$ cat work_33.cif   # mmCIF, C-alpha atoms
data_run
#
loop_
_atom_site.group_PDB
_atom_site.id
_atom_site.type_symbol
_atom_site.label_atom_id
_atom_site.label_comp_id
_atom_site.auth_asym_id
_atom_site.auth_seq_id
_atom_site.Cartn_x
_atom_site.Cartn_y
_atom_site.Cartn_z
ATOM 1 C CA MET A 12 0.000 0.000 0.000
ATOM 2 C CA LEU A 13 2.889 2.357 0.670
ATOM 3 C CA ASP A 14 4.179 1.902 -2.885
ATOM 4 C CA ARG A 15 1.746 4.646 -3.917
ATOM 5 C CA TYR A 16 3.617 7.115 -1.707
ATOM 6 C CA ASP A 17 6.854 8.924 -2.414
ATOM 7 C CA GLU A 18 9.461 8.147 0.208
ATOM 8 C CA THR A 19 11.814 10.877 1.378
ATOM 9 C CA ASP A 20 14.034 11.709 4.320
ATOM 10 C CA PHE A 21 13.411 14.790 6.427
ATOM 11 C CA GLU A 22 16.122 16.108 8.720
ATOM 12 C CA HIS A 23 15.901 18.734 11.432
ATOM 13 C CA ASP A 24 18.354 19.523 14.201
ATOM 14 C CA GLY A 25 20.299 16.324 13.667
ATOM 15 C CA LEU A 26 17.272 14.004 13.582
ATOM 16 C CA CYS A 27 16.461 12.340 10.267
ATOM 17 C CA ARG A 28 13.400 10.175 9.647
ATOM 18 C CA ARG A 29 11.551 8.758 6.676
ATOM 19 C CA VAL A 30 8.371 10.455 5.516
ATOM 20 C CA PHE A 31 5.865 8.999 3.061
ATOM 21 C CA VAL A 32 4.213 11.716 0.952
ATOM 22 C CA ARG A 33 1.265 11.567 -1.415
ATOM 23 C CA GLY A 34 -1.421 13.828 -2.881
ATOM 24 C CA GLU A 35 -2.023 17.439 -3.833
ATOM 25 C CA GLY A 36 -3.679 20.225 -1.884
ATOM 26 C CA PRO A 37 -3.366 21.582 1.658
ATOM 27 C CA GLY A 38 -0.846 19.691 3.760
ATOM 28 C CA ILE A 39 -1.767 17.323 6.597
ATOM 29 C CA VAL A 40 0.747 15.557 8.841
ATOM 30 C CA VAL A 41 -0.598 12.131 9.841
ATOM 31 C CA MET A 42 1.155 10.776 12.937
ATOM 32 C CA HIS A 43 0.554 7.069 13.211
ATOM 33 C CA GLU A 44 -0.390 5.161 16.331
ATOM 34 C CA ILE A 45 1.204 2.130 17.952
ATOM 35 C CA PRO A 46 2.388 -0.190 16.475
ATOM 36 C CA GLY A 47 3.392 1.791 13.358
ATOM 37 C CA ILE A 48 2.295 2.559 9.814
ATOM 38 C CA TYR A 49 -0.023 -0.425 9.265
ATOM 39 C CA ASP A 50 -2.844 -0.918 6.777
ATOM 40 C CA ALA A 51 -5.629 0.925 8.643
ATOM 41 C CA VAL A 52 -3.393 3.990 9.100
ATOM 42 C CA ILE A 53 -2.543 3.975 5.389
ATOM 43 C CA GLU A 54 -6.238 3.643 4.516
ATOM 44 C CA PHE A 55 -6.971 6.733 6.615
ATOM 45 C CA ALA A 56 -4.171 8.627 4.872
ATOM 46 C CA ASP A 57 -5.563 7.486 1.511
ATOM 47 C CA ARG A 58 -8.948 9.017 2.423
ATOM 48 C CA LEU A 59 -7.275 12.368 2.944
ATOM 49 C CA VAL A 60 -5.469 12.096 -0.383
ATOM 50 C CA ALA A 61 -8.731 11.236 -2.148
ATOM 51 C CA ASP A 62 -10.356 14.264 -0.507
ATOM 52 C CA GLY A 63 -7.759 16.612 -1.969
ATOM 53 C CA TYR A 64 -4.944 16.881 0.576
ATOM 54 C CA ARG A 65 -1.219 16.298 0.460
ATOM 55 C CA VAL A 66 -0.388 13.822 3.211
ATOM 56 C CA TYR A 67 2.897 13.674 5.094
ATOM 57 C CA LEU A 68 3.157 10.344 6.929
ATOM 58 C CA PRO A 69 6.292 10.229 9.090
ATOM 59 C CA ASP A 70 7.702 6.869 10.132
ATOM 60 C CA LEU A 71 8.077 7.324 13.894
ATOM 61 C CA ILE A 72 8.253 3.796 15.308
ATOM 62 C CA GLY A 73 7.776 0.232 14.177
ATOM 63 C CA GLU A 74 8.251 -1.157 10.657
ATOM 64 C CA ALA A 75 6.349 0.732 7.976
ATOM 65 C CA GLY A 76 3.897 -1.549 6.182
ATOM 66 C CA ARG A 77 4.065 -4.394 8.692
ATOM 67 C CA PRO A 78 0.619 -5.904 9.437
ATOM 68 C CA PHE A 79 -1.058 -5.259 12.788
ATOM 69 C CA SER A 80 -0.709 -7.897 15.507
ATOM 70 C CA ASN A 81 -0.842 -7.900 19.282
ATOM 71 C CA GLY A 82 2.791 -8.968 19.468
ATOM 72 C CA TYR A 83 3.771 -6.110 17.178
ATOM 73 C CA VAL A 84 1.878 -3.698 19.453
ATOM 74 C CA LEU A 85 3.768 -4.880 22.512
ATOM 75 C CA SER A 86 7.176 -4.694 20.856
ATOM 76 C CA SER A 87 6.520 -1.201 19.476
ATOM 77 C CA MET A 88 5.248 -0.023 22.841
ATOM 78 C CA ALA A 89 8.388 -1.329 24.512
ATOM 79 C CA ARG A 90 10.585 0.509 22.012
ATOM 80 C CA ALA A 91 8.634 3.735 22.527
ATOM 81 C CA CYS A 92 9.073 3.532 26.277
ATOM 82 C CA ILE A 93 12.862 3.557 25.994
ATOM 83 C CA ALA A 94 13.280 5.809 22.935
ATOM 84 C CA ARG A 95 14.807 9.192 23.727
ATOM 85 C CA GLU A 96 12.356 10.919 21.319
ATOM 86 C CA PHE A 97 9.370 9.893 23.459
ATOM 87 C CA HIS A 98 8.827 10.822 27.108
ATOM 88 C CA VAL A 99 5.811 8.636 27.803
ATOM 89 C CA LEU A 100 5.281 9.642 31.442
ATOM 90 C CA ALA A 101 5.894 13.384 31.189
ATOM 91 C CA THR A 102 2.952 15.405 32.513
ATOM 92 C CA ARG A 103 4.156 18.989 31.943
ATOM 93 C CA ALA A 104 6.501 18.568 29.004
ATOM 94 C CA SER A 105 6.134 17.414 25.419
ATOM 95 C CA SER A 106 8.174 14.650 23.823
ATOM 96 C CA PRO A 107 11.359 15.802 22.025
ATOM 97 C CA ILE A 108 10.071 14.393 18.717
ATOM 98 C CA THR A 109 7.553 17.242 18.572
ATOM 99 C CA ASP A 110 10.329 19.699 17.648
ATOM 100 C CA TRP A 111 11.015 17.616 14.541
ATOM 101 C CA LEU A 112 7.291 17.347 13.795
ATOM 102 C CA ARG A 113 6.859 21.125 13.997
ATOM 103 C CA ALA A 114 9.676 21.510 11.493
ATOM 104 C CA LEU A 115 7.990 18.966 9.216
ATOM 105 C CA ALA A 116 4.743 20.964 9.458
ATOM 106 C CA ARG A 117 6.589 24.137 8.454
ATOM 107 C CA GLN A 118 8.084 22.307 5.485
ATOM 108 C CA ALA A 119 4.645 21.018 4.479
ATOM 109 C CA HIS A 120 3.229 24.547 4.684
ATOM 110 C CA ALA A 121 6.064 25.923 2.558
ATOM 111 C CA GLU A 122 5.400 23.263 -0.093
ATOM 112 C CA CYS A 123 1.594 23.382 -0.044
ATOM 113 C CA GLY A 124 0.804 27.019 0.796
ATOM 114 C CA GLY A 125 -2.603 28.047 2.046
ATOM 115 C CA PRO A 126 -3.547 29.270 5.524
ATOM 116 C CA GLY A 127 -1.634 26.475 7.245
ATOM 117 C CA VAL A 128 -1.475 22.717 7.662
ATOM 118 C CA GLY A 129 -3.483 20.153 9.554
ATOM 119 C CA CYS A 130 -2.255 17.319 11.706
ATOM 120 C CA ILE A 131 -3.688 14.299 13.427
ATOM 121 C CA GLY A 132 -2.045 12.277 16.167
ATOM 122 C CA MET A 133 -3.264 8.894 17.345
ATOM 123 C CA CYS A 134 -2.640 7.065 20.613
ATOM 124 C CA LEU A 135 1.077 7.551 21.429
ATOM 125 C CA THR A 136 1.148 10.593 19.129
ATOM 126 C CA GLY A 137 -2.352 11.824 20.030
ATOM 127 C CA ASN A 138 -1.324 14.851 22.066
ATOM 128 C CA PHE A 139 1.520 15.784 19.720
ATOM 129 C CA GLY A 140 -0.951 17.945 17.799
ATOM 130 C CA LEU A 141 -1.152 20.255 20.817
ATOM 131 C CA ALA A 142 2.609 20.684 20.979
ATOM 132 C CA MET A 143 2.722 21.263 17.221
ATOM 133 C CA MET A 144 0.067 23.957 17.582
ATOM 134 C CA VAL A 145 2.716 26.169 19.155
ATOM 135 C CA ASP A 146 3.860 26.749 15.572
ATOM 136 C CA GLU A 147 1.806 29.210 13.521
ATOM 137 C CA ALA A 148 1.810 26.832 10.539
ATOM 138 C CA VAL A 149 -0.468 24.351 12.326
ATOM 139 C CA MET A 150 -4.068 25.418 11.866
ATOM 140 C CA ALA A 151 -6.087 22.214 12.311
ATOM 141 C CA PRO A 152 -4.891 19.840 15.068
ATOM 142 C CA VAL A 153 -6.821 16.621 15.704
ATOM 143 C CA LEU A 154 -6.143 14.520 18.806
ATOM 144 C CA SER A 155 -7.390 10.958 18.338
ATOM 145 C CA GLN A 156 -7.347 8.868 21.536
ATOM 146 C CA PRO A 157 -4.427 10.928 22.980
ATOM 147 C CA SER A 158 -2.672 8.505 25.335
ATOM 148 C CA LEU A 159 0.345 10.402 26.672
ATOM 149 C CA PRO A 160 1.277 10.621 29.376
ATOM 150 C CA PHE A 161 0.382 7.003 30.070
ATOM 151 C CA PRO A 162 -2.476 7.387 32.578
ATOM 152 C CA PHE A 163 -0.898 5.964 35.714
ATOM 153 C CA GLY A 164 -2.436 7.887 38.623
ATOM 154 C CA ALA A 165 -4.839 10.819 38.809
ATOM 155 C CA LYS A 166 -2.272 13.438 37.801
ATOM 156 C CA ARG A 167 -1.310 11.694 34.571
ATOM 157 C CA LYS A 168 -4.933 10.904 33.666
ATOM 158 C CA ALA A 169 -5.658 14.624 33.480
ATOM 159 C CA ALA A 170 -2.342 15.741 31.978
ATOM 160 C CA LEU A 171 -1.859 16.986 28.410
ATOM 161 C CA HIS A 172 1.818 16.124 27.747
ATOM 162 C CA ILE A 173 2.800 19.730 27.052
ATOM 163 C CA SER A 174 4.723 22.335 29.005
ATOM 164 C CA ASP A 175 3.128 25.298 30.755
ATOM 165 C CA GLU A 176 4.789 27.599 28.215
ATOM 166 C CA GLU A 177 3.354 25.617 25.305
ATOM 167 C CA LEU A 178 -0.101 25.639 26.883
ATOM 168 C CA ALA A 179 0.035 29.429 27.269
ATOM 169 C CA ILE A 180 0.795 29.857 23.554
ATOM 170 C CA ILE A 181 -1.977 27.437 22.585
ATOM 171 C CA LYS A 182 -4.506 29.239 24.778
ATOM 172 C CA GLU A 183 -3.528 32.565 23.234
ATOM 173 C CA ARG A 184 -3.984 31.190 19.719
ATOM 174 C CA VAL A 185 -7.422 29.889 20.712
ATOM 175 C CA ALA A 186 -8.529 33.063 22.493
ATOM 176 C CA LYS A 187 -7.156 35.709 20.129
ATOM 177 C CA ARG A 188 -6.883 33.990 16.761
ATOM 178 C CA GLY A 189 -9.835 31.629 16.741
ATOM 179 C CA CYS A 190 -7.820 28.414 16.540
ATOM 180 C CA LYS A 191 -9.633 25.170 17.320
ATOM 181 C CA VAL A 192 -8.722 21.693 18.544
ATOM 182 C CA LEU A 193 -10.704 18.528 17.792
ATOM 183 C CA GLY A 194 -10.459 15.483 20.069
ATOM 184 C CA LEU A 195 -11.791 11.921 19.696
ATOM 185 C CA ARG A 196 -12.026 9.060 22.197
ATOM 186 C CA PHE A 197 -14.061 6.017 23.169
ATOM 187 C CA THR A 198 -15.775 6.347 26.534
ATOM 188 C CA GLY A 199 -14.315 3.143 27.945
ATOM 189 C CA ASP A 200 -10.752 3.606 26.710
ATOM 190 C CA PRO A 201 -8.416 3.360 29.721
ATOM 191 C CA MET A 202 -5.494 4.745 27.694
ATOM 192 C CA CYS A 203 -7.379 7.982 27.026
ATOM 193 C CA PRO A 204 -9.366 8.670 30.207
ATOM 194 C CA PRO A 205 -12.198 11.224 30.444
ATOM 195 C CA GLU A 206 -10.129 13.413 32.777
ATOM 196 C CA ARG A 207 -7.898 14.333 29.835
ATOM 197 C CA PHE A 208 -10.782 15.725 27.820
ATOM 198 C CA GLU A 209 -12.044 17.553 30.891
ATOM 199 C CA THR A 210 -8.675 19.277 31.151
ATOM 200 C CA LEU A 211 -8.865 20.253 27.492
ATOM 201 C CA ARG A 212 -12.344 21.711 28.004
ATOM 202 C CA THR A 213 -11.205 23.600 31.088
ATOM 203 C CA GLU A 214 -8.099 25.035 29.450
ATOM 204 C CA LEU A 215 -9.416 25.738 25.944
ATOM 205 C CA GLY A 216 -13.133 26.352 26.528
ATOM 206 C CA GLU A 217 -15.017 26.610 23.241
ATOM 207 C CA GLY A 218 -11.723 26.158 21.425
ATOM 208 C CA PHE A 219 -11.934 22.435 22.138
ATOM 209 C CA GLU A 220 -14.455 20.145 20.491
ATOM 210 C CA GLY A 221 -14.523 16.704 22.055
ATOM 211 C CA ILE A 222 -16.239 13.684 20.513
ATOM 212 C CA GLU A 223 -16.715 10.765 22.905
ATOM 213 C CA ILE A 224 -18.081 7.524 21.461
ATOM 214 C CA ASP A 225 -19.958 5.042 23.631
ATOM 215 C CA SER A 226 -17.998 1.817 24.118
ATOM 216 C CA SER A 227 -19.727 0.659 27.283
ATOM 217 C CA LYS A 228 -20.797 -2.960 27.592
ATOM 218 C CA GLY A 229 -23.876 -3.627 25.480
ATOM 219 C CA ASN A 230 -23.754 -0.247 23.720
ATOM 220 C CA PRO A 231 -26.253 -0.004 20.839
ATOM 221 C CA HIS A 232 -23.614 0.565 18.161
ATOM 222 C CA GLY A 233 -21.595 -2.608 18.594
ATOM 223 C CA ASN A 234 -18.384 -0.920 19.665
ATOM 224 C CA PRO A 235 -16.227 -3.378 21.627
ATOM 225 C CA THR A 236 -15.386 -2.443 25.204
ATOM 226 C CA SER A 237 -11.733 -2.600 24.125
ATOM 227 C CA ALA A 238 -12.225 0.009 21.377
ATOM 228 C CA HIS A 239 -9.347 2.481 21.135
ATOM 229 C CA SER A 240 -8.517 3.579 17.573
ATOM 230 C CA VAL A 241 -11.352 5.831 16.411
ATOM 231 C CA VAL A 242 -10.472 6.475 12.746
ATOM 232 C CA THR A 243 -8.420 3.357 12.040
ATOM 233 C CA LYS A 244 -8.652 -0.130 13.560
ATOM 234 C CA ASP A 245 -11.965 0.358 15.421
ATOM 235 C CA LEU A 246 -13.697 2.383 12.703
ATOM 236 C CA ILE A 247 -17.011 0.871 11.588
ATOM 237 C CA ASP A 248 -17.377 2.445 8.185
ATOM 238 C CA ASP A 249 -21.165 2.463 7.944
ATOM 239 C CA ALA A 250 -23.244 5.578 7.403
ATOM 240 C CA GLY A 251 -24.719 6.770 10.682
ATOM 241 C CA HIS A 252 -22.340 4.816 12.896
ATOM 242 C CA PRO A 253 -20.724 7.038 15.552
ATOM 243 C CA THR A 254 -17.184 6.185 14.434
ATOM 244 C CA ARG A 255 -18.071 7.048 10.833
ATOM 245 C CA GLU A 256 -19.638 10.287 12.042
ATOM 246 C CA ALA A 257 -16.434 11.059 13.953
ATOM 247 C CA LEU A 258 -14.397 10.407 10.816
ATOM 248 C CA ASP A 259 -16.710 12.673 8.816
ATOM 249 C CA ARG A 260 -16.225 15.400 11.434
ATOM 250 C CA VAL A 261 -12.454 15.080 11.096
ATOM 251 C CA MET A 262 -12.786 15.594 7.361
ATOM 252 C CA SER A 263 -15.080 18.606 7.740
ATOM 253 C CA PHE A 264 -12.792 20.078 10.425
ATOM 254 C CA PHE A 265 -9.836 19.950 8.050
ATOM 255 C CA ALA A 266 -11.946 21.493 5.282
ATOM 256 C CA GLU A 267 -13.143 24.352 7.510
ATOM 257 C CA ARG A 268 -9.641 25.206 8.680
ATOM 258 C CA LEU A 269 -7.531 24.561 5.574
ATOM 259 C CA ARG A 270 -9.626 25.254 2.493
ATOM 260 C CA VAL A 271 -9.356 28.698 0.940
ATOM 261 C CA SER A 272 -12.553 29.848 -0.792
#
$ encode --input "work_33.cif" --output "structure tokens"
Amino acid sequence: MLDRYDETDFEHDGLCRRVFVRGEGPGIVVMHEIPGIYDAVIEFADRLVADGYRVYLPDLIGEAGRPFSNGYVLSSMARACIAREFHVLATRASSPITDWLRALARQAHAECGGPGVGCIGMCLTGNFGLAMMVDEAVMAPVLSQPSLPFPFGAKRKAALHISDEELAIIKERVAKRGCKVLGLRFTGDPMCPPERFETLRTELGEGFEGIEIDSSKGNPHGNPTSAHSVVTKDLIDDAGHPTREALDRVMSFFAERLRVS
């Protein structure tokens, strides 16, 4: 599936990583979830390409193109926990990789033009969109099941994985420049607890739009209680299904923020 993408290397401040690029239009940085760039992540990126965007898909962890498996999830999670680019328990600091991602967003904006670029983080990368929002180039951040810091204890459940200085800049962009943040989670997801969305609502007010999808036992939509990945693995792509409606909202959010009439 990745053979339809151009593969390039992007370097910033001594860190070089592969990026898969495809499409034409406003730029969107798609930050994959654990375990890596697997088929459901590529399918989501393909939707964006088909809708008229240029997708930048950085290879952050795992083996790009490798099929999803539980063993692969565990091995990728273990690597993330010890990688110096990821600080998985930090409550009031962002992971170092976000500096590189901001630079990638600036590059995407320079190549694509327009009012700015979008980004979506998932799971491990879910809150990276907030840290990227510090940069003026990022106009449409989506946080899908943001799971950092890992929610061990009350403090980490409510934390946003950004510094106080970054939060101040984000709040100013929301209050004075009309920037918005979109968040997605399943109600029963222990990796993305409700306290995290409550913090986002408290800090950003109307600048945060949170979509929470029922995954309780016996829910009427058939979502498993283990549901985690809203727009990829646990997406039920049927009209009217809450996960499909969440996906449609992601697409309309990008259009509202990135399209120039």
$ closest_residue --input "work_33.cif" --among "A:Glu44, A:Glu217, A:Glu22, A:Asp249" --to "Gly137 (chain A)" --atoms "all atoms listed in the file"
A:Glu44
$ closest_residue --input "work_33.cif" --among "A:Ile45, A:Leu154, A:Ile93, A:Val52" --to "Ile222 (chain A)" --atoms "all atoms listed in the file"
A:Leu154
$ atom_distance --input "work_33.cif" --atom1 "CA of Glu223 (chain A)" --atom2 "CA of Glu209 (chain A)"
11.5 Å
$ closest_residue --input "work_33.cif" --among "A:Arg95, A:Arg90, A:Arg65, A:His43" --to "Asp17 (chain A)" --atoms "all atoms listed in the file"
A:Arg65
$ atom_distance --input "work_33.cif" --atom1 "CA of Leu112 (chain A)" --atom2 "CA of Glu176 (chain A)"
17.9 Å
$ resolve_selection --input "work_33.cif" --expression "the PyMOL selection byres ((chain A and resi 27) around 12)" --output "VMD selection string"
chain A and resid 19 to 26 28 to 30 69 to 71 96 108 111 to 112 114 to 115
$ decode --input "work_33.cif" --residues "region 38-50 of chain A" --atoms "N, CA and C atoms" --output "CSV table (one decimal), in the first residue's frame"
chain,number,residue,atom,x,y,z
A,38,GLY,N,-1.6,20.7,3.1
A,38,GLY,CA,-0.8,19.7,3.8
A,38,GLY,C,-1.4,19.2,5.1
A,39,ILE,N,-1.4,17.9,5.3
A,39,ILE,CA,-1.8,17.3,6.6
A,39,ILE,C,-0.7,16.3,7.0
A,40,VAL,N,-0.2,16.5,8.3
A,40,VAL,CA,0.7,15.6,8.8
A,40,VAL,C,0.0,14.5,9.6
A,41,VAL,N,0.1,13.2,9.2
A,41,VAL,CA,-0.6,12.1,9.8
A,41,VAL,C,0.4,11.4,10.7
A,42,MET,N,0.2,11.4,12.0
A,42,MET,CA,1.2,10.8,12.9
A,42,MET,C,0.5,9.5,13.4
A,43,HIS,N,1.1,8.4,13.0
A,43,HIS,CA,0.6,7.1,13.2
A,43,HIS,C,0.5,6.7,14.7
A,44,GLU,N,-0.3,5.7,15.0
A,44,GLU,CA,-0.4,5.2,16.3
A,44,GLU,C,0.5,4.0,16.5
A,45,ILE,N,0.6,3.4,17.7
A,45,ILE,CA,1.2,2.1,18.0
A,45,ILE,C,0.4,1.1,17.2
A,46,PRO,N,1.0,0.2,16.5
A,46,PRO,CA,2.4,-0.2,16.5
A,46,PRO,C,3.2,0.5,15.4
A,47,GLY,N,2.6,1.2,14.4
A,47,GLY,CA,3.4,1.8,13.4
A,47,GLY,C,2.5,2.1,12.2
A,48,ILE,N,3.1,2.3,11.0
A,48,ILE,CA,2.3,2.6,9.8
A,48,ILE,C,1.8,1.2,9.3
A,49,TYR,N,0.6,0.8,9.7
A,49,TYR,CA,0.0,-0.4,9.3
A,49,TYR,C,-1.2,-0.1,8.4
A,50,ASP,N,-1.9,-1.1,7.9
A,50,ASP,CA,-2.8,-0.9,6.8
A,50,ASP,C,-4.0,0.1,7.1
